[in-house]
>>> print(open('query36.cif').read())   # mmCIF, C-alpha atoms
data_data
loop_
_atom_site.label_atom_id
_atom_site.label_comp_id
_atom_site.auth_asym_id
_atom_site.auth_seq_id
_atom_site.Cartn_x
_atom_site.Cartn_y
_atom_site.Cartn_z
CA MET A 62 -12.16 174.26 -3.88
CA PRO A 63 -11.31 174.99 -6.59
CA VAL A 64 -14.21 174.18 -8.91
CA VAL A 65 -13.79 173.71 -12.67
CA THR A 66 -16.95 173.62 -14.80
CA VAL A 67 -16.85 172.20 -18.33
CA GLN A 68 -19.73 173.11 -20.66
CA LEU A 69 -19.88 171.26 -23.97
CA TRP A 70 -22.11 169.38 -26.43
CA LYS A 71 -23.52 166.01 -25.50
CA GLY A 72 -21.71 163.00 -26.90
CA ARG A 73 -18.60 162.34 -24.83
CA THR A 74 -18.21 158.75 -23.58
CA VAL A 75 -17.65 157.94 -19.93
CA ASP A 76 -14.08 157.02 -20.75
CA GLN A 77 -13.47 160.40 -22.39
CA LYS A 78 -14.89 162.13 -19.32
CA ARG A 79 -12.70 159.99 -17.06
CA LYS A 80 -9.56 161.05 -18.90
CA LEU A 81 -10.68 164.66 -19.22
CA VAL A 82 -11.33 165.25 -15.52
CA LYS A 83 -8.00 163.57 -14.70
CA ALA A 84 -6.10 165.80 -17.14
CA ILE A 85 -7.82 168.98 -15.93
CA THR A 86 -7.14 168.03 -12.32
CA ASP A 87 -3.46 167.45 -13.13
CA ALA A 88 -3.32 170.86 -14.85
CA MET A 89 -4.85 172.54 -11.80
CA ILE A 90 -2.37 170.87 -9.44
CA GLU A 91 0.65 171.69 -11.61
CA HIS A 92 -0.20 175.25 -12.62
CA ALA A 93 -2.64 176.59 -10.00
CA ASP A 94 -1.34 175.20 -6.71
CA ALA A 95 -4.58 173.24 -6.22
CA LYS A 96 -4.82 170.41 -3.71
CA PRO A 97 -6.68 167.45 -5.20
CA ASP A 98 -8.90 166.67 -2.20
CA GLY A 99 -11.05 169.77 -2.54
CA LEU A 100 -10.86 170.00 -6.32
CA HIS A 101 -14.14 169.42 -8.17
CA VAL A 102 -14.72 169.14 -11.91
CA ILE A 103 -18.33 169.49 -13.07
CA ILE A 104 -19.45 168.55 -16.60
CA GLN A 105 -22.52 170.18 -18.13
CA GLU A 106 -23.69 168.67 -21.41
CA TYR A 107 -25.87 170.61 -23.82
CA GLU A 108 -28.22 169.68 -26.66
CA LEU A 109 -27.55 171.18 -30.09
CA GLU A 110 -30.68 173.29 -29.73
CA ASN A 111 -29.43 174.89 -26.49
CA TRP A 112 -26.19 176.51 -27.63
CA ALA A 113 -25.66 179.19 -30.22
CA ARG A 114 -22.58 180.79 -31.70
CA ALA A 115 -22.75 183.99 -33.73
CA GLY A 116 -26.51 183.96 -33.20
CA VAL A 117 -27.10 180.55 -34.79
CA LEU A 118 -28.13 177.43 -32.84
CA GLY A 119 -25.75 174.46 -32.93
CA MET A 120 -28.42 172.39 -34.71
CA ASP A 121 -28.46 174.96 -37.53
CA ARG A 122 -24.69 175.22 -37.91
CA LYS A 123 -22.45 173.18 -40.15
CA ASP A 124 -19.39 173.41 -37.92
CA ALA A 125 -20.85 172.90 -34.48
CA MET B 32 -16.34 185.63 -25.98
CA PRO B 33 -18.63 186.93 -24.67
CA VAL B 34 -20.89 184.23 -23.22
CA VAL B 35 -24.57 184.79 -22.43
CA THR B 36 -26.36 182.14 -20.35
CA VAL B 37 -30.15 182.00 -20.29
CA GLN B 38 -31.77 180.05 -17.44
CA LEU B 39 -35.51 179.46 -17.70
CA TRP B 40 -38.33 176.92 -17.39
CA LYS B 41 -38.62 174.11 -19.88
CA GLY B 42 -41.17 174.59 -22.63
CA ARG B 43 -39.71 176.87 -25.28
CA THR B 44 -39.91 175.54 -28.86
CA VAL B 45 -36.87 175.30 -31.10
CA ASP B 46 -38.21 178.21 -33.12
CA GLN B 47 -38.53 180.39 -30.02
CA LYS B 48 -34.94 179.53 -29.09
CA ARG B 49 -33.78 180.32 -32.62
CA LYS B 50 -35.31 183.80 -32.45
CA LEU B 51 -34.20 184.38 -28.87
CA VAL B 52 -30.51 183.66 -29.46
CA LYS B 53 -30.60 185.84 -32.57
CA ALA B 54 -32.17 188.75 -30.70
CA ILE B 55 -29.75 188.46 -27.76
CA THR B 56 -26.81 188.27 -30.16
CA ASP B 57 -28.02 191.42 -31.95
CA ALA B 58 -28.36 193.20 -28.59
CA MET B 59 -24.80 192.22 -27.64
CA ILE B 60 -23.41 193.48 -30.96
CA GLU B 61 -25.33 196.75 -30.82
CA HIS B 62 -24.88 197.64 -27.14
CA ALA B 63 -21.80 195.75 -25.93
CA ASP B 64 -19.36 195.97 -28.84
CA ALA B 65 -19.41 192.18 -29.20
CA LYS B 66 -18.11 190.47 -32.33
CA PRO B 67 -20.46 187.68 -33.40
CA ASP B 68 -17.81 185.05 -34.16
CA GLY B 69 -16.83 184.49 -30.55
CA LEU B 70 -20.26 185.15 -29.07
CA HIS B 71 -21.96 182.18 -27.43
CA VAL B 72 -25.49 181.92 -26.06
CA ILE B 73 -26.19 178.96 -23.77
CA ILE B 74 -29.72 177.91 -22.79
CA GLN B 75 -30.33 176.03 -19.53
CA GLU B 76 -33.84 174.67 -19.09
CA TYR B 77 -35.20 173.81 -15.66
CA GLU B 78 -38.00 171.60 -14.38
CA LEU B 79 -40.68 173.20 -12.21
CA GLU B 80 -39.34 171.26 -9.23
CA ASN B 81 -35.84 172.73 -9.63
CA TRP B 82 -36.52 176.44 -9.30
CA ALA B 83 -37.97 178.36 -6.39
CA ARG B 84 -38.97 181.97 -5.89
CA ALA B 85 -39.67 183.40 -2.44
CA GLY B 86 -38.92 179.97 -1.01
CA VAL B 87 -41.61 178.14 -3.00
CA LEU B 88 -40.87 175.66 -5.82
CA GLY B 89 -42.23 176.53 -9.27
CA MET B 90 -44.45 173.43 -9.16
CA ASP B 91 -46.12 174.80 -6.02
CA ARG B 92 -46.62 178.33 -7.32
CA LYS B 93 -49.62 179.70 -9.18
CA ASP B 94 -47.70 182.31 -11.11
CA ALA B 95 -44.60 180.41 -12.17
CA MET C 198 -37.11 183.92 -13.09
CA PRO C 199 -35.67 183.71 -15.68
CA VAL C 200 -32.03 184.70 -15.14
CA VAL C 201 -29.74 185.87 -17.96
CA THR C 202 -26.01 186.10 -17.22
CA VAL C 203 -23.73 188.13 -19.49
CA GLN C 204 -19.99 187.45 -19.25
CA LEU C 205 -17.69 189.85 -21.10
CA TRP C 206 -14.54 191.97 -20.92
CA LYS C 207 -14.42 195.01 -18.70
CA GLY C 208 -14.92 198.34 -20.41
CA ARG C 209 -18.63 198.87 -21.02
CA THR C 210 -20.07 202.18 -19.79
CA VAL C 211 -23.06 202.36 -17.49
CA ASP C 212 -25.12 203.67 -20.39
CA GLN C 213 -24.16 200.70 -22.56
CA LYS C 214 -25.16 198.35 -19.74
CA ARG C 215 -28.44 200.21 -19.31
CA LYS C 216 -29.32 199.71 -22.98
CA LEU C 217 -28.03 196.15 -23.06
CA VAL C 218 -30.12 194.87 -20.14
CA LYS C 219 -33.18 196.61 -21.61
CA ALA C 220 -32.67 195.00 -25.01
CA ILE C 221 -32.05 191.53 -23.54
CA THR C 222 -35.12 191.87 -21.34
CA ASP C 223 -37.22 192.85 -24.37
CA ALA C 224 -35.89 189.83 -26.28
CA MET C 225 -36.80 187.52 -23.38
CA ILE C 226 -40.33 188.92 -23.18
CA GLU C 227 -40.91 188.74 -26.93
CA HIS C 228 -39.35 185.35 -27.68
CA ALA C 229 -39.33 183.39 -24.40
CA ASP C 230 -42.66 184.28 -22.78
CA ALA C 231 -40.84 185.87 -19.84
CA LYS C 232 -42.62 188.19 -17.42
CA PRO C 233 -40.47 191.22 -16.64
CA ASP C 234 -41.05 191.28 -12.87
CA GLY C 235 -39.06 188.13 -12.15
CA LEU C 236 -36.53 188.61 -14.93
CA HIS C 237 -32.95 189.24 -13.84
CA VAL C 238 -29.94 190.14 -15.97
CA ILE C 239 -26.54 189.75 -14.33
CA ILE C 240 -23.35 191.22 -15.82
CA GLN C 241 -19.97 189.65 -15.04
CA GLU C 242 -16.95 191.65 -16.21
CA TYR C 243 -13.57 190.02 -16.72
CA GLU C 244 -10.01 191.26 -16.88
CA LEU C 245 -7.97 190.45 -20.00
CA GLU C 246 -5.85 188.08 -17.93
CA ASN C 247 -8.87 186.03 -16.85
CA TRP C 248 -10.27 184.87 -20.18
CA ALA C 249 -8.64 182.75 -22.83
CA ARG C 250 -9.69 181.68 -26.30
CA ALA C 251 -7.90 178.89 -28.15
CA GLY C 252 -5.61 178.54 -25.14
CA VAL C 253 -4.34 182.14 -25.24
CA LEU C 254 -5.19 184.76 -22.60
CA GLY C 255 -7.03 187.86 -23.79
CA MET C 256 -4.06 190.03 -22.81
CA ASP C 257 -1.88 188.02 -25.19
CA ARG C 258 -4.28 188.11 -28.14
CA LYS C 259 -4.47 190.70 -30.91
CA ASP C 260 -8.18 190.25 -31.54
CA ALA C 261 -9.57 190.04 -28.04
CA MET D 253 -32.29 189.03 -6.76
CA PRO D 254 -30.46 187.42 -5.10
CA VAL D 255 -29.96 184.09 -6.85
CA VAL D 256 -28.76 180.94 -5.07
CA THR D 257 -27.68 177.99 -7.21
CA VAL D 258 -27.41 174.51 -5.68
CA GLN D 259 -25.38 171.92 -7.61
CA LEU D 260 -25.59 168.33 -6.36
CA TRP D 261 -26.05 164.69 -7.34
CA LYS D 262 -29.37 163.46 -8.62
CA GLY D 263 -31.57 161.69 -6.12
CA ARG D 264 -33.28 164.24 -3.91
CA THR D 265 -37.08 163.88 -3.62
CA VAL D 266 -39.45 166.74 -4.35
CA ASP D 267 -40.16 167.01 -0.65
CA GLN D 268 -36.47 167.32 0.16
CA LYS D 269 -36.16 170.06 -2.45
CA ARG D 270 -39.21 171.82 -1.02
CA LYS D 271 -37.67 171.92 2.44
CA LEU D 272 -34.22 172.81 1.14
CA VAL D 273 -35.28 175.86 -0.86
CA LYS D 274 -37.36 177.05 2.11
CA ALA D 275 -34.43 176.70 4.51
CA ILE D 276 -31.99 178.43 2.14
CA THR D 277 -34.48 181.24 1.56
CA ASP D 278 -34.89 181.70 5.32
CA ALA D 279 -31.10 181.81 5.73
CA MET D 280 -30.83 184.47 3.02
CA ILE D 281 -33.53 186.60 4.65
CA GLU D 282 -32.05 186.29 8.14
CA HIS D 283 -28.36 186.68 7.35
CA ALA D 284 -28.14 188.51 4.00
CA ASP D 285 -30.92 191.11 4.15
CA ALA D 286 -32.66 189.47 1.18
CA LYS D 287 -36.28 190.22 0.35
CA PRO D 288 -38.14 187.03 -0.52
CA ASP D 289 -40.00 188.34 -3.58
CA GLY D 290 -36.93 188.60 -5.78
CA LEU D 291 -35.08 185.65 -4.27
CA HIS D 292 -34.55 182.67 -6.56
CA VAL D 293 -33.12 179.26 -5.72
CA ILE D 294 -32.04 177.11 -8.67
CA ILE D 295 -31.27 173.39 -8.34
CA GLN D 296 -28.91 171.70 -10.79
CA GLU D 297 -28.77 167.91 -10.54
CA TYR D 298 -25.81 165.96 -11.88
CA GLU D 299 -25.24 162.37 -12.92
CA LEU D 300 -22.43 160.42 -11.22
CA GLU D 301 -20.49 160.49 -14.50
CA ASN D 302 -20.57 164.29 -14.67
CA TRP D 303 -18.85 165.25 -11.45
CA ALA D 304 -15.34 164.47 -10.29
CA ARG D 305 -13.47 165.09 -7.06
CA ALA D 306 -9.70 164.73 -6.81
CA GLY D 307 -9.70 163.77 -10.50
CA VAL D 308 -12.03 160.78 -10.09
CA LEU D 309 -15.60 160.65 -11.44
CA GLY D 310 -18.38 160.19 -8.90
CA MET D 311 -19.28 156.84 -10.49
CA ASP D 312 -15.75 155.60 -9.79
CA ARG D 313 -15.62 156.82 -6.18
CA LYS D 314 -16.65 154.91 -3.08
CA ASP D 315 -17.58 158.01 -1.09
CA ALA D 316 -19.45 160.10 -3.62
CA MET E 255 -19.57 168.38 -3.70
CA PRO E 256 -22.14 169.84 -3.53
CA VAL E 257 -21.53 173.45 -4.51
CA VAL E 258 -23.86 176.31 -3.54
CA THR E 259 -23.35 179.68 -5.24
CA VAL E 260 -24.86 182.83 -3.76
CA GLN E 261 -25.14 185.87 -6.05
CA LEU E 262 -26.13 189.14 -4.40
CA TRP E 263 -25.41 192.87 -4.10
CA LYS E 264 -22.24 194.05 -2.45
CA GLY E 265 -22.54 195.20 1.14
CA ARG E 266 -22.66 192.17 3.41
CA THR E 267 -20.18 192.19 6.31
CA VAL E 268 -17.78 189.34 6.95
CA ASP E 269 -19.84 188.36 9.96
CA GLN E 270 -23.02 188.17 7.89
CA LYS E 271 -21.20 185.97 5.37
CA ARG E 272 -19.90 183.78 8.20
CA LYS E 273 -23.41 183.16 9.49
CA LEU E 274 -24.89 182.79 6.03
CA VAL E 275 -22.53 180.05 4.82
CA LYS E 276 -23.02 178.23 8.13
CA ALA E 277 -26.81 178.34 7.82
CA ILE E 278 -26.78 177.24 4.16
CA THR E 279 -24.39 174.41 5.00
CA ASP E 280 -26.69 173.27 7.81
CA ALA E 281 -29.67 173.36 5.43
CA MET E 282 -27.77 171.25 2.89
CA ILE E 283 -26.83 168.67 5.52
CA GLU E 284 -30.33 168.46 6.97
CA HIS E 285 -32.39 168.49 3.76
CA ALA E 286 -30.08 167.33 0.96
CA ASP E 287 -28.02 164.55 2.56
CA ALA E 288 -24.83 166.55 2.01
CA LYS E 289 -21.61 165.69 3.83
CA PRO E 290 -19.90 168.84 5.07
CA ASP E 291 -16.34 167.96 4.03
CA GLY E 292 -17.00 168.32 0.30
CA LEU E 293 -19.58 171.08 0.59
CA HIS E 294 -18.57 174.45 -0.84
CA VAL E 295 -20.43 177.76 -0.65
CA ILE E 296 -19.29 180.47 -3.05
CA ILE E 297 -20.35 184.11 -2.70
CA GLN E 298 -20.43 186.39 -5.75
CA GLU E 299 -20.98 190.07 -5.01
CA TYR E 300 -22.29 192.45 -7.65
CA GLU E 301 -22.23 196.20 -8.13
CA LEU E 302 -25.56 198.00 -8.56
CA GLU E 303 -24.66 198.67 -12.19
CA ASN E 304 -24.21 194.97 -12.94
CA TRP E 305 -27.62 193.57 -12.07
CA ALA E 306 -30.98 194.39 -13.59
CA ARG E 307 -34.53 193.36 -12.76
CA ALA E 308 -37.40 193.95 -15.17
CA GLY E 309 -34.91 195.55 -17.55
CA VAL E 310 -33.74 198.24 -15.11
CA LEU E 311 -30.27 198.33 -13.52
CA GLY E 312 -30.10 198.14 -9.72
CA MET E 313 -28.60 201.64 -9.62
CA ASP E 314 -31.70 202.98 -11.38
CA ARG E 315 -34.23 201.16 -9.17
CA LYS E 316 -35.83 202.39 -5.98
CA ASP E 317 -36.32 198.94 -4.47
CA ALA E 318 -33.05 197.23 -5.29
CA MET F 83 -17.82 176.39 -27.52
CA PRO F 84 -16.94 174.69 -25.27
CA VAL F 85 -16.55 176.90 -22.21
CA VAL F 86 -14.43 175.93 -19.19
CA THR F 87 -14.81 178.03 -16.02
CA VAL F 88 -12.16 177.88 -13.31
CA GLN F 89 -13.14 179.17 -9.85
CA LEU F 90 -10.33 179.53 -7.33
CA TRP F 91 -8.74 181.76 -4.69
CA LYS F 92 -7.00 184.94 -5.70
CA GLY F 93 -3.24 184.78 -5.91
CA ARG F 94 -2.23 183.14 -9.18
CA THR F 95 0.30 185.06 -11.30
CA VAL F 96 -0.34 185.91 -14.93
CA ASP F 97 2.25 183.33 -15.93
CA GLN F 98 0.48 180.61 -13.94
CA LYS F 99 -2.79 181.55 -15.63
CA ARG F 100 -1.09 181.50 -19.02
CA LYS F 101 0.13 177.93 -18.47
CA LEU F 102 -3.11 176.80 -16.87
CA VAL F 103 -5.39 177.88 -19.72
CA LYS F 104 -2.99 176.29 -22.20
CA ALA F 105 -2.97 172.97 -20.32
CA ILE F 106 -6.75 172.92 -19.92
CA THR F 107 -7.21 173.74 -23.60
CA ASP F 108 -4.85 170.90 -24.56
CA ALA F 109 -6.82 168.52 -22.31
CA MET F 110 -10.09 169.57 -23.96
CA ILE F 111 -8.68 169.03 -27.45
CA GLU F 112 -7.16 165.64 -26.60
CA HIS F 113 -9.99 164.15 -24.52
CA ALA F 114 -13.17 166.01 -25.49
CA ASP F 115 -12.86 166.50 -29.26
CA ALA F 116 -12.85 170.27 -28.80
CA LYS F 117 -11.71 172.61 -31.57
CA PRO F 118 -9.51 175.37 -30.19
CA ASP F 119 -11.05 178.29 -32.09
CA GLY F 120 -14.32 178.24 -30.17
CA LEU F 121 -12.85 177.10 -26.86
CA HIS F 122 -13.00 179.60 -24.02
CA VAL F 123 -11.47 179.34 -20.55
CA ILE F 124 -12.77 181.79 -17.94
CA ILE F 125 -11.03 182.37 -14.61
CA GLN F 126 -13.01 183.60 -11.60
CA GLU F 127 -10.91 184.60 -8.60
CA TYR F 128 -12.39 184.73 -5.11
CA GLU F 129 -11.45 186.46 -1.88
CA LEU F 130 -10.95 184.30 1.22
CA GLU F 131 -14.13 185.77 2.69
CA ASN F 132 -16.23 184.66 -0.28
CA TRP F 133 -15.71 180.90 -0.27
CA ALA F 134 -16.57 178.40 2.45
CA ARG F 135 -15.93 174.70 2.85
CA ALA F 136 -17.75 172.63 5.47
CA GLY F 137 -19.54 175.80 6.54
CA VAL F 138 -16.36 177.75 7.36
CA LEU F 139 -15.11 180.74 5.35
CA GLY F 140 -11.68 180.42 3.75
CA MET F 141 -10.40 183.25 5.91
CA ASP F 142 -11.29 181.25 9.01
CA ARG F 143 -9.76 177.97 7.84
CA LYS F 144 -6.23 176.73 8.39
CA ASP F 145 -6.06 174.65 5.23
CA ALA F 146 -7.68 176.92 2.66
#
>>> encode(input="query36.cif", output="structure tokens")
Amino acid sequence: MPVVTVQLWKGRTVDQKRKLVKAITDAMIEHADAKPDGLHVIIQEYELENWARAGVLGMDRKDA
Amino acid sequence: MPVVTVQLWKGRTVDQKRKLVKAITDAMIEHADAKPDGLHVIIQEYELENWARAGVLGMDRKDA
Amino acid sequence: MPVVTVQLWKGRTVDQKRKLVKAITDAMIEHADAKPDGLHVIIQEYELENWARAGVLGMDRKDA
Amino acid sequence: MPVVTVQLWKGRTVDQKRKLVKAITDAMIEHADAKPDGLHVIIQEYELENWARAGVLGMDRKDA
Amino acid sequence: MPVVTVQLWKGRTVDQKRKLVKAITDAMIEHADAKPDGLHVIIQEYELENWARAGVLGMDRKDA
Amino acid sequence: MPVVTVQLWKGRTVDQKRKLVKAITDAMIEHADAKPDGLHVIIQEYELENWARAGVLGMDRKDA
């Protein structure tokens, strides 16, 4: 532990993910006393038809 | 916030999802004092081989 | 199945929860072909210090 | 209820999943007083680019 | 990784939890090729007013 | 969206949480093209008896 789960739209490149998990891991070590060995970051990517805000699917929004 | 996550089998159409997230959002506004702007609904769809009930995978059940 | 998880601030009464899970269940039956027997709704309540929007904890926001 | 969610790399066969959900269900019945009828096991499979340990993506690790 | 999350009613003793996480871990090693060092089991306990089946809260059910 | 969920042991102060959610939010904006307005960070805190690694509860480990 700990486990950090990131839920976001599809479309990030592998290089973006690489930098993101590194930055989140650094934040966890600096601010939450986490040890890196047991620290997991999980990325869940969603289609625009599987996420809604204010009752409207991402595919139907202008500002998704 | 809040965040509502719906986990179900694959197979819903986009139009079903559109109505579902609207109805859940309305329920959250009416019964849980939620404001729509920060209200997210996330849909997670699962294959029949990735969900079990009573120890039996959906693909092996008659009533999945 | 399916499973619906609701994540929100603490503060809802039991009666609000009772109506909320009923309304979400009805929405799932009407729009997602769910059968009620296997349909679960889980409520997760959070303290104002355990949820942030735009990088600011709920306890530090005016509009949480 | 209850609900058990298993998050792991892609690559398990259907037969492995079949045995896994059976074994987890048995463990829940024996040690957690669960009744099988309402007991769900959900499997979430992840790509090597969507899971990091110690700040390094699975695709960049030797021991993933 | 992997991560297994168990969601259930409150009321299990520490000893039940101790046996449960051991049995789930063994199942993951035997059937899912998991290595124990990175294998986490998380337990989430819920109040009877925070879980519904078939639209009815656990506190209002006879068979919860 | 997006939503970032942090699962860790109990014991962080409010000030640690304040800095953590800010740092994670900054990481999401810089590396994942996230807009802050819809970006939520949720913190889930666990007791030592509700998290196991390698089949051993946190309360029974030396290095939790």
>>> residues_around(input="query36.cif", residues="stretch 219-235 of chain C", least_positions_apart="2", cutoff="6 Å", atoms="all atoms listed in the file", output="list in words")
Gln47, Leu51, Ala54, Ile55 and Ala58 of chain B; Met198, Lys216 and Leu217 of chain C; Ala308 and Gly309 of chain E
>>> residues_around(input="query36.cif", residues="E:Val310", least_positions_apart="5", cutoff="8 Å", atoms="all atoms listed in the file", output="PyMOL selection string")
(chain C and resi 215+218-219) or (chain E and resi 315)
>>> atom_distance(input="query36.cif", atom1="atom CA of B:Trp40", atom2="atom CA of F:Val86")
24.0 Å
>>> resolve_selection(input="query36.cif", expression="the PyMOL selection byres ((chain D and resi 295-301) around 9)", output="CSV table (one decimal) with C-alpha atoms, in the frame of the given file")
chain,number,residue,atom,x,y,z
A,75,VAL,CA,-17.6,157.9,-19.9
A,78,LYS,CA,-14.9,162.1,-19.3
A,79,ARG,CA,-12.7,160.0,-17.1
A,103,ILE,CA,-18.3,169.5,-13.1
A,104,ILE,CA,-19.4,168.6,-16.6
A,105,GLN,CA,-22.5,170.2,-18.1
B,77,TYR,CA,-35.2,173.8,-15.7
B,80,GLU,CA,-39.3,171.3,-9.2
B,81,ASN,CA,-35.8,172.7,-9.6
B,82,TRP,CA,-36.5,176.4,-9.3
B,83,ALA,CA,-38.0,178.4,-6.4
D,256,VAL,CA,-28.8,180.9,-5.1
D,257,THR,CA,-27.7,178.0,-7.2
D,258,VAL,CA,-27.4,174.5,-5.7
D,259,GLN,CA,-25.4,171.9,-7.6
D,260,LEU,CA,-25.6,168.3,-6.4
D,261,TRP,CA,-26.0,164.7,-7.3
D,262,LYS,CA,-29.4,163.5,-8.6
D,263,GLY,CA,-31.6,161.7,-6.1
D,264,ARG,CA,-33.3,164.2,-3.9
D,269,LYS,CA,-36.2,170.1,-2.4
D,273,VAL,CA,-35.3,175.9,-0.9
D,293,VAL,CA,-33.1,179.3,-5.7
D,294,ILE,CA,-32.0,177.1,-8.7
D,302,ASN,CA,-20.6,164.3,-14.7
D,303,TRP,CA,-18.8,165.2,-11.4
D,304,ALA,CA,-15.3,164.5,-10.3
D,309,LEU,CA,-15.6,160.6,-11.4
D,310,GLY,CA,-18.4,160.2,-8.9
D,311,MET,CA,-19.3,156.8,-10.5
D,312,ASP,CA,-15.8,155.6,-9.8
D,316,ALA,CA,-19.4,160.1,-3.6
>>> atom_distance(input="query36.cif", atom1="atom CA of A:Pro63", atom2="atom CA of A:His101")
6.4 Å
>>> atom_distance(input="query36.cif", atom1="atom CA of D:Leu291", atom2="atom CA of C:Leu236")
11.2 Å
>>> axis_aligned_box(input="query36.cif", around="stretch 72-84 of chain A", padding_each_side="6 Å", output="AutoDock Vina command-line options")
--center_x -13.9 --center_y 161.4 --center_z -20.8 --size_x 27.6 --size_y 20.8 --size_z 24.2
>>> build_atoms(input="query36.cif", residues="stretch 198-204 of chain C", atoms="all heavy atoms", output="PDB file, in the coordinates of the input")
ATOM      1  N   MET C 198     -37.886 184.422 -11.983  1.00  0.00           N
ATOM      2  CA  MET C 198     -37.110 183.920 -13.090  1.00  0.00           C
ATOM      3  C   MET C 198     -37.603 184.529 -14.381  1.00  0.00           C
ATOM      4  O   MET C 198     -38.654 185.121 -14.370  1.00  0.00           O
ATOM      5  CB  MET C 198     -37.209 182.404 -13.170  1.00  0.00           C
ATOM      6  CG  MET C 198     -38.506 181.900 -13.735  1.00  0.00           C
ATOM      7  SD  MET C 198     -38.376 180.195 -14.233  1.00  0.00           S
ATOM      8  CE  MET C 198     -37.015 180.194 -15.369  1.00  0.00           C
ATOM      9  N   PRO C 199     -36.930 184.406 -15.461  1.00  0.00           N
ATOM     10  CA  PRO C 199     -35.670 183.710 -15.680  1.00  0.00           C
ATOM     11  C   PRO C 199     -34.462 184.588 -15.277  1.00  0.00           C
ATOM     12  O   PRO C 199     -34.626 185.746 -14.908  1.00  0.00           O
ATOM     13  CB  PRO C 199     -35.648 183.489 -17.191  1.00  0.00           C
ATOM     14  CG  PRO C 199     -36.952 183.979 -17.721  1.00  0.00           C
ATOM     15  CD  PRO C 199     -37.471 184.940 -16.699  1.00  0.00           C
ATOM     16  N   VAL C 200     -33.269 183.980 -15.393  1.00  0.00           N
ATOM     17  CA  VAL C 200     -32.030 184.700 -15.140  1.00  0.00           C
ATOM     18  C   VAL C 200     -31.164 184.637 -16.395  1.00  0.00           C
ATOM     19  O   VAL C 200     -30.959 183.570 -16.964  1.00  0.00           O
ATOM     20  CB  VAL C 200     -31.269 184.092 -13.946  1.00  0.00           C
ATOM     21  CG1 VAL C 200     -29.927 184.789 -13.754  1.00  0.00           C
ATOM     22  CG2 VAL C 200     -32.084 184.173 -12.671  1.00  0.00           C
ATOM     23  N   VAL C 201     -30.664 185.798 -16.833  1.00  0.00           N
ATOM     24  CA  VAL C 201     -29.740 185.870 -17.960  1.00  0.00           C
ATOM     25  C   VAL C 201     -28.414 186.414 -17.434  1.00  0.00           C
ATOM     26  O   VAL C 201     -28.379 187.463 -16.792  1.00  0.00           O
ATOM     27  CB  VAL C 201     -30.275 186.795 -19.075  1.00  0.00           C
ATOM     28  CG1 VAL C 201     -29.279 186.866 -20.225  1.00  0.00           C
ATOM     29  CG2 VAL C 201     -31.632 186.317 -19.561  1.00  0.00           C
ATOM     30  N   THR C 202     -27.331 185.684 -17.679  1.00  0.00           N
ATOM     31  CA  THR C 202     -26.010 186.100 -17.220  1.00  0.00           C
ATOM     32  C   THR C 202     -25.142 186.453 -18.419  1.00  0.00           C
ATOM     33  O   THR C 202     -25.007 185.644 -19.344  1.00  0.00           O
ATOM     34  CB  THR C 202     -25.341 184.980 -16.404  1.00  0.00           C
ATOM     35  OG1 THR C 202     -26.205 184.618 -15.329  1.00  0.00           O
ATOM     36  CG2 THR C 202     -24.000 185.435 -15.841  1.00  0.00           C
ATOM     37  N   VAL C 203     -24.581 187.653 -18.399  1.00  0.00           N
ATOM     38  CA  VAL C 203     -23.730 188.130 -19.490  1.00  0.00           C
ATOM     39  C   VAL C 203     -22.295 188.176 -18.981  1.00  0.00           C
ATOM     40  O   VAL C 203     -22.005 188.859 -18.000  1.00  0.00           O
ATOM     41  CB  VAL C 203     -24.159 189.533 -19.957  1.00  0.00           C
ATOM     42  CG1 VAL C 203     -23.233 190.037 -21.060  1.00  0.00           C
ATOM     43  CG2 VAL C 203     -25.600 189.528 -20.416  1.00  0.00           C
ATOM     44  N   GLN C 204     -21.404 187.451 -19.624  1.00  0.00           N
ATOM     45  CA  GLN C 204     -19.990 187.450 -19.250  1.00  0.00           C
ATOM     46  C   GLN C 204     -19.183 188.076 -20.370  1.00  0.00           C
ATOM     47  O   GLN C 204     -19.222 187.603 -21.513  1.00  0.00           O
ATOM     48  CB  GLN C 204     -19.517 186.000 -19.025  1.00  0.00           C
ATOM     49  CG  GLN C 204     -20.259 185.296 -17.902  1.00  0.00           C
ATOM     50  CD  GLN C 204     -19.859 183.838 -17.783  1.00  0.00           C
ATOM     51  OE1 GLN C 204     -20.150 183.048 -18.681  1.00  0.00           O
ATOM     52  NE2 GLN C 204     -19.205 183.479 -16.705  1.00  0.00           N
TER      53      GLN C 204
END
